[in-house]
Each structure stands twice: as structure tokens, then as C-alpha cells.
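Contents: one structure, followed by commentary.
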Amino acid sequence: MTTLDNLSILKTLCYAPGVSSYEYRPGGPVEVLQNLLDKFDISHWQNRTGSVIAKRGDGPKKLMLTAHIDEVGFTVAKIE
């Protein structure tokens, strides 16, 4: 994977619409992340709280990456 590939992956994740409570909708960041993991043949699943867990390899070293996947957003209820 080149630096350009890494940048492309980050842009793909950052541009996925993920307003709070909508991050699991089609095209949202959870689906985008899972599609990227599939593309690189990395096994993944969601736990009971909806977190995406991914595993690659069986070596002795482990890495945990944690981040918020939602963004601040507003719902327009009325325009006067």
C-alpha cells in the first residue's frame, strides 16, 4: 500500500456521512469501513454495541485503534 492509497482510504472514511444515530445507515461510515475491510480481505464483525472489530493474522502482536465514527449534525424541523 502506498502513501497515496492510505490518503485515499482516509478520504473515503472521512467523507462518509455519519451524523449521530445515522452512522449505521447505507453509505454511512460503518458500511464504508466494512467495505474497505472486505476489499483488503480483513475479517471483521460487529459486537453487541455495534462496534466494528477487525482481525488480521494470528501473530503475537496486537494493535487497537479506537475512534468516534459519528459527526455533529443538525435536523431542520421547521423553516419559517
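Residues are referred to by chain and number: the chain letter is A, B, ... according to the order shown in the C-alpha cells, the number counts from 1 in that chain, and ligands are numbered separately from 1 in the order shown.
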
Any chance you could list, as a PDB file with N, CA and C atoms, in the first residue's frame, the residues in chain A that come up alpha helix (DSSP H) when DSSP is run on the backbone?
ATOM      1  N   THR A   3       1.535   5.584   0.101  1.00  0.00           N
ATOM      2  CA  THR A   3       1.011   6.727   0.847  1.00  0.00           C
ATOM      3  C   THR A   3      -0.255   7.259   0.191  1.00  0.00           C
ATOM      4  N   LEU A   4      -0.273   7.279  -1.124  1.00  0.00           N
ATOM      5  CA  LEU A   4      -1.458   7.751  -1.845  1.00  0.00           C
ATOM      6  C   LEU A   4      -2.648   6.857  -1.536  1.00  0.00           C
ATOM      7  N   ASP A   5      -2.430   5.541  -1.476  1.00  0.00           N
ATOM      8  CA  ASP A   5      -3.506   4.624  -1.126  1.00  0.00           C
ATOM      9  C   ASP A   5      -4.032   4.910   0.274  1.00  0.00           C
ATOM     10  N   ASN A   6      -3.122   5.141   1.224  1.00  0.00           N
ATOM     11  CA  ASN A   6      -3.527   5.455   2.592  1.00  0.00           C
ATOM     12  C   ASN A   6      -4.349   6.735   2.632  1.00  0.00           C
ATOM     13  N   LEU A   7      -3.930   7.757   1.879  1.00  0.00           N
ATOM     14  CA  LEU A   7      -4.667   9.011   1.826  1.00  0.00           C
ATOM     15  C   LEU A   7      -6.047   8.800   1.227  1.00  0.00           C
ATOM     16  N   SER A   8      -6.116   8.002   0.192  1.00  0.00           N
ATOM     17  CA  SER A   8      -7.391   7.700  -0.449  1.00  0.00           C
ATOM     18  C   SER A   8      -8.333   6.992   0.529  1.00  0.00           C
ATOM     19  N   ILE A   9      -7.804   6.054   1.291  1.00  0.00           N
ATOM     20  CA  ILE A   9      -8.605   5.332   2.278  1.00  0.00           C
ATOM     21  C   ILE A   9      -9.128   6.293   3.341  1.00  0.00           C
ATOM     22  N   LEU A  10      -8.273   7.158   3.846  1.00  0.00           N
ATOM     23  CA  LEU A  10      -8.697   8.126   4.860  1.00  0.00           C
ATOM     24  C   LEU A  10      -9.765   9.076   4.323  1.00  0.00           C
ATOM     25  N   LYS A  11      -9.602   9.537   3.088  1.00  0.00           N
ATOM     26  CA  LYS A  11     -10.608  10.412   2.488  1.00  0.00           C
ATOM     27  C   LYS A  11     -11.946   9.694   2.363  1.00  0.00           C
ATOM     28  N   THR A  12     -11.906   8.443   1.930  1.00  0.00           N
ATOM     29  CA  THR A  12     -13.134   7.656   1.795  1.00  0.00           C
ATOM     30  C   THR A  12     -13.864   7.561   3.129  1.00  0.00           C
ATOM     31  N   LEU A  13     -13.122   7.288   4.193  1.00  0.00           N
ATOM     32  CA  LEU A  13     -13.739   7.199   5.517  1.00  0.00           C
ATOM     33  C   LEU A  13     -14.245   8.549   6.015  1.00  0.00           C
ATOM     34  N   CYS A  14     -13.468   9.597   5.795  1.00  0.00           N
ATOM     35  CA  CYS A  14     -13.843  10.927   6.283  1.00  0.00           C
ATOM     36  C   CYS A  14     -15.039  11.518   5.545  1.00  0.00           C
ATOM     37  N   PRO A  29     -20.535   5.603   7.553  1.00  0.00           N
ATOM     38  CA  PRO A  29     -19.149   5.221   7.838  1.00  0.00           C
ATOM     39  C   PRO A  29     -18.962   3.764   8.257  1.00  0.00           C
ATOM     40  N   VAL A  30     -19.954   3.169   8.913  1.00  0.00           N
ATOM     41  CA  VAL A  30     -19.807   1.761   9.313  1.00  0.00           C
ATOM     42  C   VAL A  30     -19.773   0.877   8.067  1.00  0.00           C
ATOM     43  N   GLU A  31     -20.702   1.112   7.136  1.00  0.00           N
ATOM     44  CA  GLU A  31     -20.717   0.326   5.897  1.00  0.00           C
ATOM     45  C   GLU A  31     -19.452   0.577   5.075  1.00  0.00           C
ATOM     46  N   VAL A  32     -19.021   1.827   4.989  1.00  0.00           N
ATOM     47  CA  VAL A  32     -17.808   2.160   4.233  1.00  0.00           C
ATOM     48  C   VAL A  32     -16.597   1.445   4.840  1.00  0.00           C
ATOM     49  N   LEU A  33     -16.484   1.468   6.161  1.00  0.00           N
ATOM     50  CA  LEU A  33     -15.372   0.785   6.832  1.00  0.00           C
ATOM     51  C   LEU A  33     -15.410  -0.716   6.554  1.00  0.00           C
ATOM     52  N   GLN A  34     -16.581  -1.320   6.669  1.00  0.00           N
ATOM     53  CA  GLN A  34     -16.697  -2.757   6.426  1.00  0.00           C
ATOM     54  C   GLN A  34     -16.359  -3.104   4.974  1.00  0.00           C
ATOM     55  N   ASN A  35     -16.764  -2.269   4.033  1.00  0.00           N
ATOM     56  CA  ASN A  35     -16.421  -2.497   2.625  1.00  0.00           C
ATOM     57  C   ASN A  35     -14.915  -2.420   2.398  1.00  0.00           C
ATOM     58  N   LEU A  36     -14.253  -1.467   3.065  1.00  0.00           N
ATOM     59  CA  LEU A  36     -12.794  -1.355   2.944  1.00  0.00           C
ATOM     60  C   LEU A  36     -12.109  -2.588   3.537  1.00  0.00           C
ATOM     61  N   LEU A  37     -12.598  -3.057   4.671  1.00  0.00           N
ATOM     62  CA  LEU A  37     -12.021  -4.259   5.283  1.00  0.00           C
ATOM     63  C   LEU A  37     -12.213  -5.469   4.371  1.00  0.00           C
ATOM     64  N   ASP A  38     -13.382  -5.560   3.734  1.00  0.00           N
ATOM     65  CA  ASP A  38     -13.614  -6.642   2.770  1.00  0.00           C
ATOM     66  C   ASP A  38     -12.630  -6.553   1.605  1.00  0.00           C
ATOM     67  N   LYS A  39     -12.426  -5.334   1.115  1.00  0.00           N
ATOM     68  CA  LYS A  39     -11.530  -5.118  -0.030  1.00  0.00           C
ATOM     69  C   LYS A  39     -10.125  -5.633   0.254  1.00  0.00           C
TER      70      LYS A  39
END

Requested in this report: Would you list, as a list in words, the residues of chain A that end up in strand (DSSP E or B) under DSSP run on this structure's backbone?
Outcome: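 In chain A, DSSP puts these residues in strand (DSSP E or B): Val19, Ser43, His44, Trp45, Gln46, Val52, Ile53, Ala54, Lys55 and Glu71 of chain A.
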
Using only C-alpha atoms, which protein or nucleic acid residues come within 10 Å of stretch 63-71 of chain A? Drop anything in the same chain fewer than 5 positions from it, and give the result as a PDB file with N, CA and C atoms, in the first residue's frame.
ATOM      1  N   LEU A  13     -13.122   7.288   4.193  1.00  0.00           N
ATOM      2  CA  LEU A  13     -13.739   7.199   5.517  1.00  0.00           C
ATOM      3  C   LEU A  13     -14.245   8.549   6.015  1.00  0.00           C
ATOM      4  N   CYS A  14     -13.468   9.597   5.795  1.00  0.00           N
ATOM      5  CA  CYS A  14     -13.843  10.927   6.283  1.00  0.00           C
ATOM      6  C   CYS A  14     -15.039  11.518   5.545  1.00  0.00           C
ATOM      7  N   ALA A  16     -17.601   9.829   4.357  1.00  0.00           N
ATOM      8  CA  ALA A  16     -18.834   9.067   4.572  1.00  0.00           C
ATOM      9  C   ALA A  16     -19.726   9.836   5.544  1.00  0.00           C
ATOM     10  N   PRO A  17     -20.982  10.104   5.169  1.00  0.00           N
ATOM     11  CA  PRO A  17     -21.877  10.864   6.044  1.00  0.00           C
ATOM     12  C   PRO A  17     -22.211  10.057   7.291  1.00  0.00           C
ATOM     13  N   GLY A  18     -21.970  10.609   8.459  1.00  0.00           N
ATOM     14  CA  GLY A  18     -22.178   9.857   9.690  1.00  0.00           C
ATOM     15  C   GLY A  18     -22.710  10.679  10.837  1.00  0.00           C
ATOM     16  N   VAL A  19     -23.789  11.422  10.603  1.00  0.00           N
ATOM     17  CA  VAL A  19     -24.390  12.205  11.686  1.00  0.00           C
ATOM     18  C   VAL A  19     -24.830  11.231  12.779  1.00  0.00           C
ATOM     19  N   SER A  20     -24.682  11.624  14.039  1.00  0.00           N
ATOM     20  CA  SER A  20     -25.036  10.759  15.165  1.00  0.00           C
ATOM     21  C   SER A  20     -26.394  10.110  14.966  1.00  0.00           C
ATOM     22  N   SER A  21     -26.459   8.826  15.275  1.00  0.00           N
ATOM     23  CA  SER A  21     -27.638   7.962  15.151  1.00  0.00           C
ATOM     24  C   SER A  21     -27.907   7.522  13.716  1.00  0.00           C
ATOM     25  N   TYR A  22     -27.146   8.006  12.752  1.00  0.00           N
ATOM     26  CA  TYR A  22     -27.318   7.607  11.360  1.00  0.00           C
ATOM     27  C   TYR A  22     -26.060   6.938  10.789  1.00  0.00           C
ATOM     28  N   GLU A  23     -25.067   6.702  11.625  1.00  0.00           N
ATOM     29  CA  GLU A  23     -23.803   6.163  11.139  1.00  0.00           C
ATOM     30  C   GLU A  23     -23.912   4.719  10.641  1.00  0.00           C
ATOM     31  N   TYR A  24     -25.005   4.037  10.976  1.00  0.00           N
ATOM     32  CA  TYR A  24     -25.178   2.655  10.524  1.00  0.00           C
ATOM     33  C   TYR A  24     -26.054   2.543   9.281  1.00  0.00           C
ATOM     34  N   GLY A  28     -23.173   4.936   5.090  1.00  0.00           N
ATOM     35  CA  GLY A  28     -22.575   5.587   6.253  1.00  0.00           C
ATOM     36  C   GLY A  28     -21.196   5.033   6.563  1.00  0.00           C
ATOM     37  N   PRO A  29     -20.535   5.603   7.553  1.00  0.00           N
ATOM     38  CA  PRO A  29     -19.149   5.221   7.838  1.00  0.00           C
ATOM     39  C   PRO A  29     -18.962   3.764   8.257  1.00  0.00           C
ATOM     40  N   VAL A  30     -19.954   3.169   8.913  1.00  0.00           N
ATOM     41  CA  VAL A  30     -19.807   1.761   9.313  1.00  0.00           C
ATOM     42  C   VAL A  30     -19.773   0.877   8.067  1.00  0.00           C
ATOM     43  N   LEU A  33     -16.484   1.468   6.161  1.00  0.00           N
ATOM     44  CA  LEU A  33     -15.372   0.785   6.832  1.00  0.00           C
ATOM     45  C   LEU A  33     -15.410  -0.716   6.554  1.00  0.00           C
ATOM     46  N   SER A  51     -19.934  -1.840  17.682  1.00  0.00           N
ATOM     47  CA  SER A  51     -18.544  -1.540  17.338  1.00  0.00           C
ATOM     48  C   SER A  51     -18.039  -2.522  16.295  1.00  0.00           C
ATOM     49  N   VAL A  52     -17.228  -2.027  15.375  1.00  0.00           N
ATOM     50  CA  VAL A  52     -16.631  -2.882  14.356  1.00  0.00           C
ATOM     51  C   VAL A  52     -15.306  -3.406  14.898  1.00  0.00           C
ATOM     52  N   ILE A  53     -15.172  -4.725  14.898  1.00  0.00           N
ATOM     53  CA  ILE A  53     -13.950  -5.395  15.350  1.00  0.00           C
ATOM     54  C   ILE A  53     -13.336  -6.062  14.125  1.00  0.00           C
ATOM     55  N   ALA A  54     -12.054  -5.864  13.925  1.00  0.00           N
ATOM     56  CA  ALA A  54     -11.369  -6.464  12.776  1.00  0.00           C
ATOM     57  C   ALA A  54     -10.148  -7.229  13.267  1.00  0.00           C
ATOM     58  N   LYS A  55      -9.832  -8.304  12.555  1.00  0.00           N
ATOM     59  CA  LYS A  55      -8.671  -9.113  12.923  1.00  0.00           C
ATOM     60  C   LYS A  55      -7.952  -9.537  11.654  1.00  0.00           C
TER      61      LYS A  55
END

**Report entry** For atom CA of A:Gly73 and atom CA of A:Gly50, the interatomic separation in Å (one decimal)
**Finding:**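 Separation between atom CA of A:Gly73 and atom CA of A:Gly50: 20.0 Å.
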